[in-house]
file structure-v6.cif (mmCIF, C-alpha atoms)
data_protein
#
loop_
_atom_site.label_atom_id
_atom_site.label_comp_id
_atom_site.auth_asym_id
_atom_site.auth_seq_id
_atom_site.Cartn_x
_atom_site.Cartn_y
_atom_site.Cartn_z
CA MET A 1 0.00 0.00 0.00
CA HIS A 2 2.94 2.38 0.48
CA GLY A 3 4.49 2.26 -2.91
CA LYS A 4 6.32 -1.06 -2.83
CA ILE A 5 5.10 -4.42 -4.00
CA ASN A 6 5.49 -6.77 -1.09
CA MET A 7 5.87 -10.43 -1.91
CA ASN A 8 4.94 -11.46 1.63
CA ARG A 9 1.38 -10.30 1.20
CA LYS A 10 -1.17 -13.09 0.83
CA GLY A 11 -4.38 -12.45 -1.05
CA ILE A 12 -7.46 -11.82 1.08
CA LEU A 13 -10.66 -13.74 0.42
CA TYR A 14 -13.83 -11.67 0.90
CA ILE A 15 -17.00 -13.74 1.04
CA ILE A 16 -20.22 -11.83 0.41
CA SER A 17 -23.47 -13.59 0.97
CA ALA A 18 -27.11 -12.56 1.28
CA PRO A 19 -30.64 -13.83 0.84
CA SER A 20 -32.14 -13.29 -2.66
CA GLY A 21 -33.36 -9.73 -3.00
CA ALA A 22 -30.99 -8.14 -0.46
CA GLY A 23 -28.95 -6.55 -3.24
CA LYS A 24 -25.79 -8.63 -3.17
CA THR A 25 -25.24 -8.53 -6.94
CA SER A 26 -25.46 -4.71 -7.11
CA ILE A 27 -23.10 -4.32 -4.16
CA CYS A 28 -20.55 -6.74 -5.62
CA ARG A 29 -20.66 -4.98 -8.98
CA ALA A 30 -20.00 -1.60 -7.31
CA ILE A 31 -17.19 -3.02 -5.17
CA LEU A 32 -15.47 -4.57 -8.19
CA SER A 33 -15.46 -1.19 -9.92
CA LEU A 34 -14.00 0.49 -6.78
CA PHE A 35 -11.13 -2.01 -6.44
CA PRO A 36 -9.63 -2.52 -9.89
CA VAL A 37 -7.18 -5.18 -8.67
CA LEU A 38 -9.86 -7.21 -6.91
CA ARG A 39 -10.74 -10.34 -8.82
CA GLN A 40 -14.13 -12.01 -8.71
CA SER A 41 -14.17 -15.75 -8.35
CA ILE A 42 -16.41 -17.16 -11.04
CA SER A 43 -18.57 -20.00 -9.73
CA TYR A 44 -19.49 -23.16 -11.57
CA THR A 45 -23.19 -23.81 -11.97
CA THR A 46 -25.58 -26.31 -13.48
CA ARG A 47 -28.39 -23.81 -13.90
CA GLU A 48 -29.38 -22.50 -17.31
CA MET A 49 -27.85 -19.30 -18.62
CA ARG A 50 -30.25 -16.36 -18.22
CA HIS A 51 -30.74 -13.63 -20.78
CA GLY A 52 -27.77 -11.24 -20.66
CA GLU A 53 -25.44 -13.66 -18.88
CA LYS A 54 -22.15 -14.74 -20.36
CA GLU A 55 -20.10 -17.93 -19.94
CA GLY A 56 -16.93 -17.27 -17.91
CA ARG A 57 -18.06 -13.80 -16.81
CA ASP A 58 -21.17 -14.55 -14.73
CA TYR A 59 -20.60 -18.27 -14.23
CA HIS A 60 -18.95 -21.28 -15.71
CA PHE A 61 -22.04 -23.09 -16.98
CA VAL A 62 -21.56 -26.87 -16.81
CA SER A 63 -23.65 -30.00 -17.07
CA HIS A 64 -24.79 -31.97 -14.00
CA LYS A 65 -22.40 -34.71 -15.09
CA ALA A 66 -19.39 -32.36 -15.23
CA PHE A 67 -20.38 -30.85 -11.86
CA ASP A 68 -20.62 -34.30 -10.25
CA LYS A 69 -17.18 -35.19 -11.62
CA MET A 70 -15.72 -32.05 -9.94
CA ILE A 71 -17.37 -33.02 -6.64
CA ALA A 72 -15.87 -36.52 -6.92
CA ASP A 73 -12.43 -34.98 -7.61
CA SER A 74 -12.73 -32.70 -4.50
CA ALA A 75 -12.28 -29.77 -6.86
CA PHE A 76 -14.71 -27.55 -4.92
CA ALA A 77 -13.88 -25.44 -1.85
CA GLU A 78 -17.64 -25.26 -1.39
CA TRP A 79 -20.66 -26.26 -3.38
CA ALA A 80 -24.37 -26.11 -2.74
CA LYS A 81 -27.75 -26.90 -4.26
CA VAL A 82 -29.93 -23.78 -4.28
CA HIS A 83 -33.49 -23.73 -5.64
CA GLY A 84 -32.74 -27.00 -7.44
CA ASN A 85 -29.48 -25.89 -9.11
CA CYS A 86 -25.86 -26.58 -8.15
CA TYR A 87 -23.25 -23.86 -7.57
CA GLY A 88 -19.61 -24.36 -6.62
CA THR A 89 -16.29 -22.56 -6.13
CA ALA A 90 -13.16 -24.24 -7.48
CA ARG A 91 -10.55 -24.74 -4.77
CA ALA A 92 -7.69 -24.11 -7.23
CA ILE A 93 -8.81 -20.54 -7.95
CA LEU A 94 -8.79 -19.59 -4.25
CA GLU A 95 -5.43 -21.21 -3.51
CA GLN A 96 -3.72 -19.64 -6.50
CA ALA A 97 -5.03 -16.16 -5.67
CA SER A 98 -3.91 -16.39 -2.05
CA GLU A 99 -0.37 -17.38 -3.09
CA GLU A 100 -0.18 -14.66 -5.74
CA GLY A 101 -1.35 -12.01 -3.26
CA THR A 102 -4.50 -11.34 -5.27
CA ASP A 103 -7.63 -10.37 -3.32
CA ILE A 104 -10.70 -12.33 -4.30
CA LEU A 105 -14.37 -11.47 -4.02
CA LEU A 106 -16.64 -14.45 -3.64
CA ASP A 107 -20.33 -13.79 -4.21
CA ILE A 108 -21.99 -16.93 -2.90
CA ASP A 109 -25.15 -18.15 -1.24
CA TYR A 110 -25.56 -18.79 2.48
CA GLN A 111 -24.94 -22.55 2.29
CA GLY A 112 -21.68 -22.08 0.40
CA ALA A 113 -20.47 -19.46 2.86
CA GLU A 114 -21.27 -21.77 5.78
CA GLN A 115 -19.28 -24.57 4.16
CA LEU A 116 -16.27 -22.30 3.67
CA ARG A 117 -16.54 -21.11 7.28
CA ASP A 118 -16.73 -24.70 8.56
CA SER A 119 -13.76 -25.74 6.43
CA GLY A 120 -11.64 -23.18 8.31
CA VAL A 121 -10.90 -21.00 5.28
CA ASN A 122 -9.20 -17.74 6.28
CA GLY A 123 -11.60 -15.21 4.83
CA VAL A 124 -13.67 -12.16 5.66
CA PHE A 125 -17.34 -13.16 5.88
CA ILE A 126 -19.85 -10.41 5.08
CA PHE A 127 -23.62 -10.91 5.11
CA ILE A 128 -25.91 -8.38 3.42
CA LEU A 129 -29.30 -7.83 5.03
CA PRO A 130 -32.46 -6.09 3.84
CA PRO A 131 -33.69 -3.31 6.18
CA ASP A 132 -36.66 -5.54 7.10
CA MET A 133 -38.75 -8.43 5.76
CA THR A 134 -41.45 -6.20 4.24
CA GLU A 135 -38.85 -4.41 2.13
CA LEU A 136 -37.33 -7.75 1.09
CA ARG A 137 -40.71 -8.99 -0.17
CA LYS A 138 -41.22 -5.71 -2.04
CA ARG A 139 -37.87 -6.13 -3.79
CA LEU A 140 -38.58 -9.73 -4.74
CA GLU A 141 -42.00 -8.76 -6.12
CA SER A 142 -40.64 -5.84 -8.11
CA ARG A 143 -38.35 -8.15 -10.07
CA ASN A 144 -41.42 -9.47 -11.93
CA THR A 145 -39.53 -12.62 -12.80
CA ASP A 146 -40.87 -14.98 -10.15
CA ASP A 147 -44.40 -16.17 -9.38
CA GLU A 148 -45.91 -16.01 -5.87
CA LYS A 149 -44.92 -19.59 -5.06
CA ILE A 150 -41.25 -18.89 -5.81
CA ILE A 151 -41.38 -15.61 -3.85
CA ALA A 152 -42.87 -17.43 -0.86
CA ARG A 153 -40.06 -19.99 -1.03
CA ARG A 154 -37.41 -17.25 -1.28
CA MET A 155 -38.94 -15.39 1.69
CA ASN A 156 -38.91 -18.59 3.70
CA ASN A 157 -35.28 -19.34 2.83
CA ALA A 158 -34.33 -15.72 3.59
CA ALA A 159 -35.88 -15.86 7.06
CA GLY A 160 -33.93 -19.05 7.81
CA GLU A 161 -30.62 -17.65 6.54
CA ILE A 162 -30.98 -14.27 8.27
CA SER A 163 -31.72 -15.89 11.63
CA LYS A 164 -28.38 -17.76 11.40
CA ALA A 165 -26.29 -14.88 10.05
CA LYS A 166 -24.43 -14.36 13.32
CA ASN A 167 -21.67 -16.69 12.10
CA PHE A 168 -20.56 -13.99 9.67
CA ASP A 169 -17.92 -11.43 10.69
CA TYR A 170 -19.90 -8.43 9.45
CA LEU A 171 -23.56 -7.64 8.86
CA VAL A 172 -24.31 -4.85 6.40
CA VAL A 173 -27.87 -3.56 6.04
CA ASN A 174 -28.62 -2.60 2.45
CA ASP A 175 -31.17 0.15 2.91
CA ILE A 176 -29.53 2.77 0.66
CA LEU A 177 -27.24 1.07 -1.87
CA ASP A 178 -24.44 3.69 -1.83
CA GLN A 179 -24.17 3.50 1.96
CA ALA A 180 -24.05 -0.28 1.92
CA VAL A 181 -21.31 -0.18 -0.74
CA GLU A 182 -19.36 2.34 1.35
CA LYS A 183 -19.55 0.02 4.36
CA VAL A 184 -18.38 -3.03 2.42
CA ARG A 185 -15.55 -0.94 0.96
CA ALA A 186 -14.53 0.19 4.47
CA ILE A 187 -14.57 -3.42 5.70
CA MET A 188 -12.23 -4.42 2.89
CA ILE A 189 -9.77 -1.58 3.56
CA ALA A 190 -9.89 -2.22 7.30
CA GLU A 191 -9.30 -5.96 7.01
CA ALA A 192 -6.15 -5.33 4.97
CA SER A 193 -4.78 -3.41 8.01
CA ARG A 194 -5.55 -6.13 10.54
CA THR A 195 -2.39 -6.89 12.50
CA GLU A 196 -2.15 -10.59 11.64
CA ARG A 197 -2.32 -9.78 7.90
CA ILE A 198 -0.13 -6.69 7.64
CA ILE A 199 2.58 -7.74 10.07
CA LYS A 200 4.37 -9.89 7.46
CA THR A 201 4.68 -6.95 5.09
CA LEU A 202 6.36 -4.53 7.55
CA PRO A 203 10.09 -3.70 7.69
CA GLU A 204 12.33 -6.27 9.42
CA GLU A 205 13.81 -3.53 11.64
CA PHE A 206 10.45 -3.24 13.46
CA GLY A 207 11.17 -6.61 15.08
CA LEU A 208 7.51 -7.54 14.80
CA LYS A 209 7.63 -10.94 13.13
CA MET B 1 -27.10 4.31 10.51
CA HIS B 2 -30.26 3.83 8.45
CA GLY B 3 -32.27 6.78 9.60
CA LYS B 4 -33.46 5.64 12.99
CA ILE B 5 -31.88 6.29 16.35
CA ASN B 6 -31.40 2.96 18.00
CA MET B 7 -31.19 2.93 21.77
CA ASN B 8 -29.62 -0.52 21.82
CA ARG B 9 -26.42 0.76 20.29
CA LYS B 10 -23.48 1.03 22.68
CA GLY B 11 -20.74 3.56 22.05
CA ILE B 12 -17.54 2.20 20.50
CA LEU B 13 -14.18 3.03 22.04
CA TYR B 14 -11.39 3.56 19.48
CA ILE B 15 -7.91 3.59 20.98
CA ILE B 16 -5.22 5.16 18.80
CA SER B 17 -1.65 4.83 19.92
CA ALA B 18 1.75 5.44 18.32
CA PRO B 19 5.34 6.23 19.13
CA SER B 20 6.19 9.98 19.19
CA GLY B 21 6.68 11.24 15.66
CA ALA B 22 4.46 8.68 13.91
CA GLY B 23 1.78 11.31 13.30
CA LYS B 24 -0.93 10.26 15.74
CA THR B 25 -2.01 13.80 16.59
CA SER B 26 -2.50 14.80 12.92
CA ILE B 27 -4.44 11.60 12.23
CA CYS B 28 -6.70 12.06 15.26
CA ARG B 29 -7.39 15.67 14.31
CA ALA B 30 -8.41 14.63 10.77
CA ILE B 31 -10.57 11.77 12.07
CA LEU B 32 -12.41 14.05 14.50
CA SER B 33 -13.29 16.39 11.64
CA LEU B 34 -14.55 13.46 9.52
CA PHE B 35 -16.83 12.09 12.26
CA PRO B 36 -18.70 15.05 13.77
CA VAL B 37 -20.42 12.89 16.41
CA LEU B 38 -17.20 11.26 17.56
CA ARG B 39 -16.05 12.64 20.88
CA GLN B 40 -12.44 12.81 21.97
CA SER B 41 -11.67 11.69 25.47
CA ILE B 42 -9.62 14.42 27.15
CA SER B 43 -6.82 12.97 29.26
CA TYR B 44 -5.63 14.28 32.60
CA THR B 45 -1.97 15.22 32.78
CA THR B 46 0.59 16.59 35.18
CA ARG B 47 2.79 18.01 32.44
CA GLU B 48 3.03 21.73 31.84
CA MET B 49 0.76 23.37 29.32
CA ARG B 50 2.60 24.03 26.03
CA HIS B 51 2.23 27.13 23.94
CA GLY B 52 -1.09 26.98 22.04
CA GLU B 53 -2.64 24.34 24.29
CA LYS B 54 -5.86 24.93 26.15
CA GLU B 55 -7.22 23.48 29.40
CA GLY B 56 -10.13 21.09 28.75
CA ARG B 57 -9.50 20.96 25.02
CA ASP B 58 -6.03 19.40 24.79
CA TYR B 59 -5.82 18.03 28.33
CA HIS B 60 -7.09 18.55 31.83
CA PHE B 61 -3.95 19.97 33.42
CA VAL B 62 -3.70 18.93 37.07
CA SER B 63 -1.12 18.93 39.86
CA HIS B 64 0.78 15.80 40.89
CA LYS B 65 -1.23 15.85 44.11
CA ALA B 66 -4.59 15.90 42.31
CA PHE B 67 -3.40 13.15 39.94
CA ASP B 68 -2.30 10.93 42.84
CA LYS B 69 -5.70 11.43 44.50
CA MET B 70 -7.44 10.20 41.31
CA ILE B 71 -5.17 7.13 41.24
CA ALA B 72 -6.05 6.41 44.88
CA ASP B 73 -9.77 6.75 44.07
CA SER B 74 -9.43 4.29 41.11
CA ALA B 75 -10.74 7.08 38.90
CA PHE B 76 -8.50 6.12 35.96
CA ALA B 77 -9.26 3.45 33.35
CA GLU B 78 -5.56 3.73 32.53
CA TRP B 79 -2.72 5.98 33.50
CA ALA B 80 0.95 6.07 32.68
CA LYS B 81 4.14 7.98 33.29
CA VAL B 82 5.70 9.02 29.97
CA HIS B 83 8.97 10.98 29.73
CA GLY B 84 8.53 11.92 33.40
CA ASN B 85 4.94 13.17 33.20
CA CYS B 86 1.69 11.45 34.17
CA TYR B 87 -1.25 10.98 31.80
CA GLY B 88 -4.57 9.28 32.59
CA THR B 89 -8.05 8.58 31.22
CA ALA B 90 -10.99 8.96 33.59
CA ARG B 91 -13.05 5.77 33.83
CA ALA B 92 -16.30 7.74 34.20
CA ILE B 93 -15.96 9.39 30.78
CA LEU B 94 -15.62 6.01 29.01
CA GLU B 95 -18.49 4.36 30.88
CA GLN B 96 -20.88 7.23 30.30
CA ALA B 97 -20.09 7.40 26.57
CA SER B 98 -20.61 3.66 26.13
CA GLU B 99 -24.03 3.80 27.83
CA GLU B 100 -25.09 6.88 25.87
CA GLY B 101 -24.09 5.23 22.57
CA THR B 102 -21.42 7.88 21.93
CA ASP B 103 -18.29 6.77 20.10
CA ILE B 104 -15.07 7.87 21.77
CA LEU B 105 -11.61 8.44 20.33
CA LEU B 106 -8.81 7.87 22.78
CA ASP B 107 -5.42 9.23 21.74
CA ILE B 108 -3.04 7.61 24.22
CA ASP B 109 0.48 6.33 24.54
CA TYR B 110 1.53 2.71 24.26
CA GLN B 111 1.60 2.02 28.03
CA GLY B 112 -1.94 3.36 28.47
CA ALA B 113 -3.24 1.30 25.56
CA GLU B 114 -1.62 -1.85 26.99
CA GLN B 115 -3.29 -1.20 30.35
CA LEU B 116 -6.69 -0.81 28.70
CA ARG B 117 -6.13 -3.99 26.70
CA ASP B 118 -5.11 -5.92 29.83
CA SER B 119 -8.11 -4.62 31.76
CA GLY B 120 -10.37 -6.30 29.17
CA VAL B 121 -11.91 -3.07 27.87
CA ASN B 122 -14.03 -3.67 24.76
CA GLY B 123 -12.35 -1.34 22.31
CA VAL B 124 -10.77 -1.15 18.88
CA PHE B 125 -6.99 -0.89 19.25
CA ILE B 126 -5.16 0.88 16.43
CA PHE B 127 -1.40 1.44 16.35
CA ILE B 128 0.12 4.00 13.98
CA LEU B 129 3.55 3.17 12.56
CA PRO B 130 6.13 5.23 10.72
CA PRO B 131 7.16 3.76 7.33
CA ASP B 132 10.58 2.96 8.82
CA MET B 133 12.95 4.05 11.60
CA THR B 134 14.95 6.46 9.41
CA GLU B 135 11.79 8.38 8.55
CA LEU B 136 10.76 8.41 12.23
CA ARG B 137 14.11 10.00 13.20
CA LYS B 138 13.72 12.56 10.41
CA ARG B 139 10.28 13.55 11.71
CA LEU B 140 11.49 13.86 15.30
CA GLU B 141 14.44 16.01 14.18
CA SER B 142 12.27 18.26 12.01
CA ARG B 143 10.18 19.25 15.03
CA ASN B 144 13.10 21.35 16.28
CA THR B 145 11.74 21.21 19.80
CA ASP B 146 13.85 18.41 21.25
CA ASP B 147 17.60 18.08 21.71
CA GLU B 148 19.58 15.03 20.53
CA LYS B 149 19.38 13.32 23.92
CA ILE B 150 15.57 13.52 23.96
CA ILE B 151 15.40 12.34 20.35
CA ALA B 152 17.62 9.35 21.18
CA ARG B 153 15.33 8.49 24.10
CA ARG B 154 12.22 8.79 21.91
CA MET B 155 13.81 6.60 19.21
CA ASN B 156 14.65 4.00 21.82
CA ASN B 157 11.13 4.05 23.27
CA ALA B 158 9.67 3.89 19.76
CA ALA B 159 11.69 0.79 18.88
CA GLY B 160 10.48 -0.94 22.06
CA GLU B 161 6.83 -0.04 21.49
CA ILE B 162 6.82 -0.95 17.79
CA SER B 163 8.34 -4.38 18.47
CA LYS B 164 5.39 -5.16 20.79
CA ALA B 165 2.64 -3.64 18.65
CA LYS B 166 1.20 -7.02 17.67
CA ASN B 167 -1.24 -6.81 20.58
CA PHE B 168 -3.15 -4.13 18.70
CA ASP B 169 -6.04 -5.07 16.39
CA TYR B 170 -4.84 -2.92 13.51
CA LEU B 171 -1.51 -1.52 12.34
CA VAL B 172 -1.64 1.56 10.13
CA VAL B 173 1.53 2.79 8.45
CA ASN B 174 1.55 6.58 8.24
CA ASP B 175 3.59 7.17 5.11
CA ILE B 176 1.21 9.56 3.34
CA LEU B 177 -1.07 11.24 5.90
CA ASP B 178 -4.27 11.22 3.78
CA GLN B 179 -3.94 7.51 3.13
CA ALA B 180 -3.38 6.74 6.80
CA VAL B 181 -6.46 8.82 7.72
CA GLU B 182 -8.51 6.97 5.09
CA LYS B 183 -7.45 3.64 6.59
CA VAL B 184 -8.32 4.68 10.14
CA ARG B 185 -11.66 6.00 8.89
CA ALA B 186 -12.34 2.67 7.14
CA ILE B 187 -11.47 0.76 10.33
CA MET B 188 -13.98 2.84 12.28
CA ILE B 189 -16.79 2.32 9.75
CA ALA B 190 -16.01 -1.39 9.49
CA GLU B 191 -15.95 -1.97 13.24
CA ALA B 192 -19.43 -0.46 13.56
CA SER B 193 -20.67 -3.22 11.20
CA ARG B 194 -19.07 -6.09 13.13
CA THR B 195 -21.71 -8.71 13.86
CA GLU B 196 -21.41 -8.67 17.65
CA ARG B 197 -21.93 -4.88 17.71
CA ILE B 198 -24.66 -4.40 15.10
CA ILE B 199 -26.76 -7.44 15.97
CA LYS B 200 -28.50 -5.69 18.88
CA THR B 201 -29.66 -2.85 16.63
CA LEU B 202 -31.38 -5.04 14.01
CA PRO B 203 -35.14 -5.71 13.70
CA GLU B 204 -36.60 -8.29 16.11
CA GLU B 205 -38.22 -10.15 13.17
CA PHE B 206 -34.73 -11.22 11.98
CA GLY B 207 -34.59 -13.60 14.95
CA LEU B 208 -30.87 -12.84 15.37
CA LYS B 209 -30.66 -11.96 19.04
#

call {"tool": "encode", "arguments": {"input": "structure-v6.cif", "output": "structure tokens"}}
result
Amino acid sequence: MHGKINMNRKGILYIISAPSGAGKTSICRAILSLFPVLRQSISYTTREMRHGEKEGRDYHFVSHKAFDKMIADSAFAEWAKVHGNCYGTARAILEQASEEGTDILLDIDYQGAEQLRDSGVNGVFIFILPPDMTELRKRLESRNTDDEKIIARRMNNAAGEISKAKNFDYLVVNDILDQAVEKVRAIMIAEASRTERIIKTLPEEFGLK
Amino acid sequence: MHGKINMNRKGILYIISAPSGAGKTSICRAILSLFPVLRQSISYTTREMRHGEKEGRDYHFVSHKAFDKMIADSAFAEWAKVHGNCYGTARAILEQASEEGTDILLDIDYQGAEQLRDSGVNGVFIFILPPDMTELRKRLESRNTDDEKIIARRMNNAAGEISKAKNFDYLVVNDILDQAVEKVRAIMIAEASRTERIIKTLPEEFGLK
């Protein structure tokens, strides 16, 4: 951060999770534009490509057979079945980034984040919350893409996930998008200054290592 | 933070410490102007008032006798003797601020911060570092207020404090002042979103408490 590239710096893994409708995708998009060197980890998924999505940018779209093969090969750091589709993060991408000193943003669902947490991954776990449940329902309804049955299921999943969100390091309420982005940005800057991370990058003469 | 005053919010205590010459005073001044509701805890001291200082703004200037009486009454959350003078933080100020939900900035020396840490105070401990020891010496010399013997003593104290700084939560290198201020600011915003702090302020319907 002070002019020199320091080879001792390990990449930081930021995990951002949220119930559907809390605004995770918008926040992640804004954060990626604020940190040009931050890399997004692209998940693998078995779900169908939606209009406007692109292979390798939004997801790696794979067949159920290919996904199952990756599970069998222990190629995933986490994977989960959400609303009937599979999503997973390749272990190799995370390990390589950490070694290279590249910070990674991982935009994943609650189940995936829990798996990473349980596996003891050294990451910063951020959970995005709606201001309240009424507002969450309003946001889900305004999408106009899901019928009432799907919305009811999403609301039910959201309630379950939110009630268990205390395992995350940070909770960020997304009431006003810009403020939520500013908070996530601050968390990322702050975490890079945490003693256990920065200590390896400081001058030898400090006698801190 | 999202429009409503929440009575469940406790004030956060931010402790900023640094060796002489690292730039703590400039950083604290900038931070206080960025957070208008942040209150600075005014320390008690037995040292003489310097030119430009003001009673009750920079310090509460008291006699050795009055200071000793406060020690005897356990009125200090921390106190220390630095370069022959006593400095202390009144316990009452910290407790009242926490209950009122007021965030407090505490600009104290290494010994005082260590005492607070050991006493189990719930605070955010930030240590400001110079980029390296050569730059620290340059800054101490450029003050033109201290003779070589005092500078040598400060350099020696600085080396001792820096080598033990790993007990702090965050280490911020003050190379370029604006960048150091931005990091401290980010730490403060991030800490307010830490799960254990924010959880009490969230809606009951989240079932998080």

call {"tool": "interface_residues", "arguments": {"input": "structure-v6.cif", "of": "chain A", "to": "chain B", "cutoff": "8 Å", "atoms": "only C-alpha atoms", "output": "PyMOL selection string"}}
result
chain A and resi 2+132-133+159+162-166+168-172+175-176+183-187+189-191+193-196+198-199+203+205-208

call {"tool": "closest_residue", "arguments": {"input": "structure-v6.cif", "among": "B:Gly21, B:Asn85, B:Leu105, B:Leu34", "to": "Val124 in chain B", "atoms": "all atoms listed in the file"}}
result
B:Leu105

call {"tool": "closest_residue", "arguments": {"input": "structure-v6.cif", "among": "A:Gly11, A:Pro19, A:Pro36, A:Gly56", "to": "Gln111 in chain A", "atoms": "all atoms listed in the file"}}
result
A:Pro19

call {"tool": "resolve_selection", "arguments": {"input": "structure-v6.cif", "expression": "the PyMOL selection byres ((chain A and resi 98) around 10)", "output": "number ranges by chain"}}
result
A: 9-13, 93-97, 99-104, 122

call {"tool": "atom_distance", "arguments": {"input": "structure-v6.cif", "atom1": "CA of Asp109 in chain A", "atom2": "CA of Ala18 in chain A"}}
result
6.4 Å

call {"tool": "resolve_selection", "arguments": {"input": "structure-v6.cif", "expression": "the PyMOL selection byres ((chain A and resi 70) around 12)", "output": "VMD selection string"}}
result
chain A and resid 44 to 46 62 to 69 71 to 79 86 to 92

call {"tool": "axis_aligned_box", "arguments": {"input": "structure-v6.cif", "around": "range 154-158 of chain B", "padding_each_side": "4 Å", "output": "AutoDock Vina command-line options"}}
result
--center_x 12.2 --center_y 6.3 --center_z 21.2 --size_x 13.0 --size_y 12.9 --size_z 12.1
